[in-house]
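Participant: Dropping the structure in here first, questions after.
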There are 2 protein chains.
Amino acid sequence: MSARPYHHGNLRSALIEQAERTVRERGAHALSLRELARDAGVSHGAPRRHFPDRQALLDALAEAGFARLGAELRSAVEGAGEAFEPRLQATAAAYVRFATRDAALLELMFAGKHREEAGTLHESAERAFAVLLELIEQGQAEGALERGEPERVGMVLFATIQGIAALVTGGMVQAEQVDGLVADAIAHFLRGSRAAA
Amino acid sequence: MSARPYHHGNLRSALIEQAERTVRERGAHALSLRELARDAGVSHGAPRRHFPDRQALLDALAEAGFARLGAELRSAVEGAGEAFEPRLQATAAAYVRFATRDAALLELMFAGKHREEAGTLHESAERAFAVLLELIEQGQAEGALERGEPERVGMVLFATIQGIAALVTGGMVQAEQVDGLVADAIAHFLRGSRAAA
DNA sequence: ACTACAATGATGTCAATGACAACTTCGATC
DNA sequence: GATCGAAGTTGTCATTGACATCATTGTAGT
């Protein structure tokens, strides 16, 4: 009759999982270590074994977020054939989808990134964004984008996509308009790029 | 010897002023009503007369933020001559300047905007953004931008500017690169627009 | 099997905080 | 000058994050 074993077994995962849900549904400010502990059926001190303080949990969430973002972007690229433009469309749409579905999480990810202590976070972020850089390189190879460092060439495009996501989460754009707006932005960007080449 | 008069005199303003500083320097999450009260030399219950709860203070900050943003944008437009392109450059730069200097505040402003209760916030936001819409209309009149609703035509541009600000506050772009990036983005956008016309 | 030991959780405590209620002081108005 | 509402004070409560100390359990080494 071991109603609840003394050891949870995978408390860390359970905490992160529940925390992701809370952040998505009620924002990061609503995240309470004690509430997480209660939901996991564990004492209020237990989470401390896995996360020394609240910020450590947020960092872990950010890290997991980058991993998932990278996976979703990669999946979008790979599911969109070989040509540059459809790949770009699919990837941008995937990014906006992530950014709007997990707006608060993305905020965490960005906020954690420029904190000094955030050790492995930078690497996780770079791994996620590597997908985008590869895509830019393909665009350059196909002559759709100007030459130069991919990071610089893609910056304006990335800013635009990120900005669209911000407008959606800020309520300045309806959800139904998103796809059209993304398509618009990409078409606009590519026109501007070709004119420069 | 009125060391401290019973009535502060303008507690509301003092609280908002100090709160703006705190938000700018340490973020909105670090804002404590009790700390504000202490700094103002007033009891912990006093702020309640002016802000029923913490959110009310945040809303007031957002409102003041929109007023200031609108003023800075207008000032940028008016200080940049009559022609569309320099006006656009100046306005975009002013927006990014605001967004990076008061990143946490801008976040508050966006977050508050799509909350139902936020009564007058929407109006404040619209007043601030009216400057941008007028500018878009001028660009259309001069043939630099495609025709159609200014709100739609300007959306991609606004997203890009907002996105650049996000990249800066996210640490993905150095402060020195900002001006160049903004100029790049605008040039890119205008090329794309002319090609469409 | 037995014993350390390290990992994981439980319990208790503290200071800070937001929210609320009840009381007090001040100043404007009649 | 009495009244009354606005502004401030004091006291309290539940919640929270952080921390210290203790309890339990699985596991490695013998």
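Following the order of the structure tokens, first chain is A, next is B, and so on, with residues numbered from 1 inside each chain and ligands from 1 in the order they appear.
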Each residue of chain B with at least one atom at most 12 Å from chain C should appear once, together with its nearest atom pair and the corresponding distance in Å (one decimal); atoms considered: only C-alpha atoms (C1' of nucleotides); ordering: chain, then increasing residue number; output as CSV.
Facilitator:
residue,atom,partner,partner_atom,distance
B:Pro5,CA,C:DC26,C1',9.5
B:Tyr6,CA,C:DT25,C1',7.0
B:His7,CA,C:DC26,C1',7.4
B:His8,CA,C:DC26,C1',11.1
B:Gly9,CA,C:DC26,C1',11.4
B:Ala30,CA,C:DT17,C1',11.3
B:Leu31,CA,C:DT17,C1',10.6
B:Ser32,CA,C:DT17,C1',7.5
B:Leu33,CA,C:DG18,C1',8.0
B:Arg34,CA,C:DT17,C1',7.5
B:Glu35,CA,C:DT17,C1',9.6
B:His44,CA,C:DG18,C1',10.3
B:Gly45,CA,C:DA19,C1',9.8
B:Pro47,CA,C:DG18,C1',11.4
B:Arg48,CA,C:DA19,C1',9.4
B:Phe51,CA,C:DA19,C1',11.8
B:Pro52,CA,C:DA19,C1',9.2
B:Asp53,CA,C:DG18,C1',7.7
B:Arg54,CA,C:DG18,C1',7.7
B:Gln55,CA,C:DG18,C1',10.7
Participant: What residues in chain B get the DSSP label helix (DSSP H, G or I)? Please answer as an MDAnalysis selection string.
Facilitator: chainID B and resid 11:26 28:30 33:39 46:49 54:78 84:101 103:113 119:141 150:169 175:196
Participant: Using only C-alpha atoms, select each residue of chain B with any atom at most 8 Å away from an atom of chain A, and give the selection as a list of chain:residue names.
Facilitator: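 Every residue meeting the condition is included here: B:His29, B:Phe110, B:Ala111, B:Lys113, B:His114, B:Val156, B:Leu157, B:Phe158, B:Ala159, B:Thr160, B:Ile161, B:Gln162, B:Gly163, B:Ile164, B:Ala166, B:Leu167, B:Gly170, B:Gly171, B:Leu181, B:Asp184, B:Ala185, B:His188, B:Phe189, B:Leu190, B:Arg191, B:Gly192, B:Ser193, B:Ala195, B:Ala196.
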Participant: Would you save the residues from that selection as a tab-separated table (two decimals), in the first residue's frame, using C-alpha atoms?
Facilitator:
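And here is the file that came out, out.tsv:
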chain	number	residue	atom	x	y	z
B	29	HIS	CA	8.83	41.88	-11.32
B	110	PHE	CA	1.81	45.56	-24.52
B	111	ALA	CA	0.71	43.19	-21.81
B	113	LYS	CA	-3.25	46.36	-23.84
B	114	HIS	CA	-4.93	43.04	-24.44
B	156	VAL	CA	5.08	44.77	-41.53
B	157	LEU	CA	7.22	47.83	-41.03
B	158	PHE	CA	6.09	48.26	-37.46
B	159	ALA	CA	6.68	44.60	-36.78
B	160	THR	CA	10.22	44.92	-38.07
B	161	ILE	CA	11.00	47.91	-35.89
B	162	GLN	CA	9.46	46.25	-32.87
B	163	GLY	CA	11.39	43.09	-33.66
B	164	ILE	CA	14.67	44.96	-33.86
B	166	ALA	CA	13.33	42.87	-29.17
B	167	LEU	CA	16.62	41.65	-30.58
B	170	GLY	CA	17.37	40.18	-25.97
B	171	GLY	CA	21.07	40.77	-26.38
B	181	LEU	CA	20.18	47.82	-38.52
B	184	ASP	CA	19.00	48.64	-43.22
B	185	ALA	CA	15.52	47.52	-42.37
B	188	HIS	CA	14.95	47.06	-47.34
B	189	PHE	CA	11.30	47.73	-46.65
B	190	LEU	CA	11.11	50.68	-49.01
B	191	ARG	CA	12.76	48.70	-51.78
B	192	GLY	CA	10.20	45.97	-51.29
B	193	SER	CA	7.38	48.53	-51.34
B	195	ALA	CA	8.88	46.95	-56.27
B	196	ALA	CA	5.27	46.18	-55.41
Participant: Find the nearest atom pair between each residue of chain D and chain A for residues within 8 Å, count only C-alpha atoms (C1' of nucleotides), give distances in Å to one decimal, sort rows by chain and ascending number, and present the table as JSON lines.
Facilitator:
{"residue": "D:DT16", "atom": "C1'", "partner": "A:Ser32", "partner_atom": "CA", "distance": 7.5}
{"residue": "D:DG17", "atom": "C1'", "partner": "A:Arg54", "partner_atom": "CA", "distance": 7.6}
{"residue": "D:DA18", "atom": "C1'", "partner": "A:Asp53", "partner_atom": "CA", "distance": 7.7}
{"residue": "D:DT24", "atom": "C1'", "partner": "A:Tyr6", "partner_atom": "CA", "distance": 7.0}
{"residue": "D:DT25", "atom": "C1'", "partner": "A:His7", "partner_atom": "CA", "distance": 7.5}
Participant: Please produce a file of those selected residues containing C-alpha atoms (C1' of nucleotides), as an mmCIF file, in the first residue's frame.
Facilitator:
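selection.cif was written with the following content:
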data_model
loop_
_atom_site.group_PDB
_atom_site.id
_atom_site.type_symbol
_atom_site.label_atom_id
_atom_site.label_comp_id
_atom_site.auth_asym_id
_atom_site.auth_seq_id
_atom_site.Cartn_x
_atom_site.Cartn_y
_atom_site.Cartn_z
ATOM 1 C "C1'" DT D 16 5.759 32.912 -0.943
ATOM 2 C "C1'" DG D 17 10.990 32.106 -1.560
ATOM 3 C "C1'" DA D 18 14.864 30.979 0.924
ATOM 4 C "C1'" DT D 24 14.152 8.113 4.310
ATOM 5 C "C1'" DT D 25 15.766 5.462 0.606
#
Participant: Figure out the distance between atom CA of A:Gly27 and atom CA of A:Leu132, please, to one decimal in Å.
Facilitator: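 Atom CA of A:Gly27 lies 27.1 Å from atom CA of A:Leu132.
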Participant: Between atom CA of B:Gln18 and atom CA of A:Ala56, what is the distance, to one decimal in Å?
Facilitator: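 Pair atom CA of B:Gln18 / atom CA of A:Ala56 returns 29.0 Å.
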Participant: For the atom pair atom CA of B:Phe66 and atom CA of B:Ala125, what is the interatomic distance in Å to one decimal place?
Facilitator: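 Value for the atom CA of B:Phe66-atom CA of B:Ala125 distance: 5.7 Å.
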Participant: Counting only C-alpha atoms (C1' of nucleotides), what is within 9 Å of A:Tyr95, bar same-chain residues fewer than 3 positions away, as a count of residues only?
Facilitator: 12
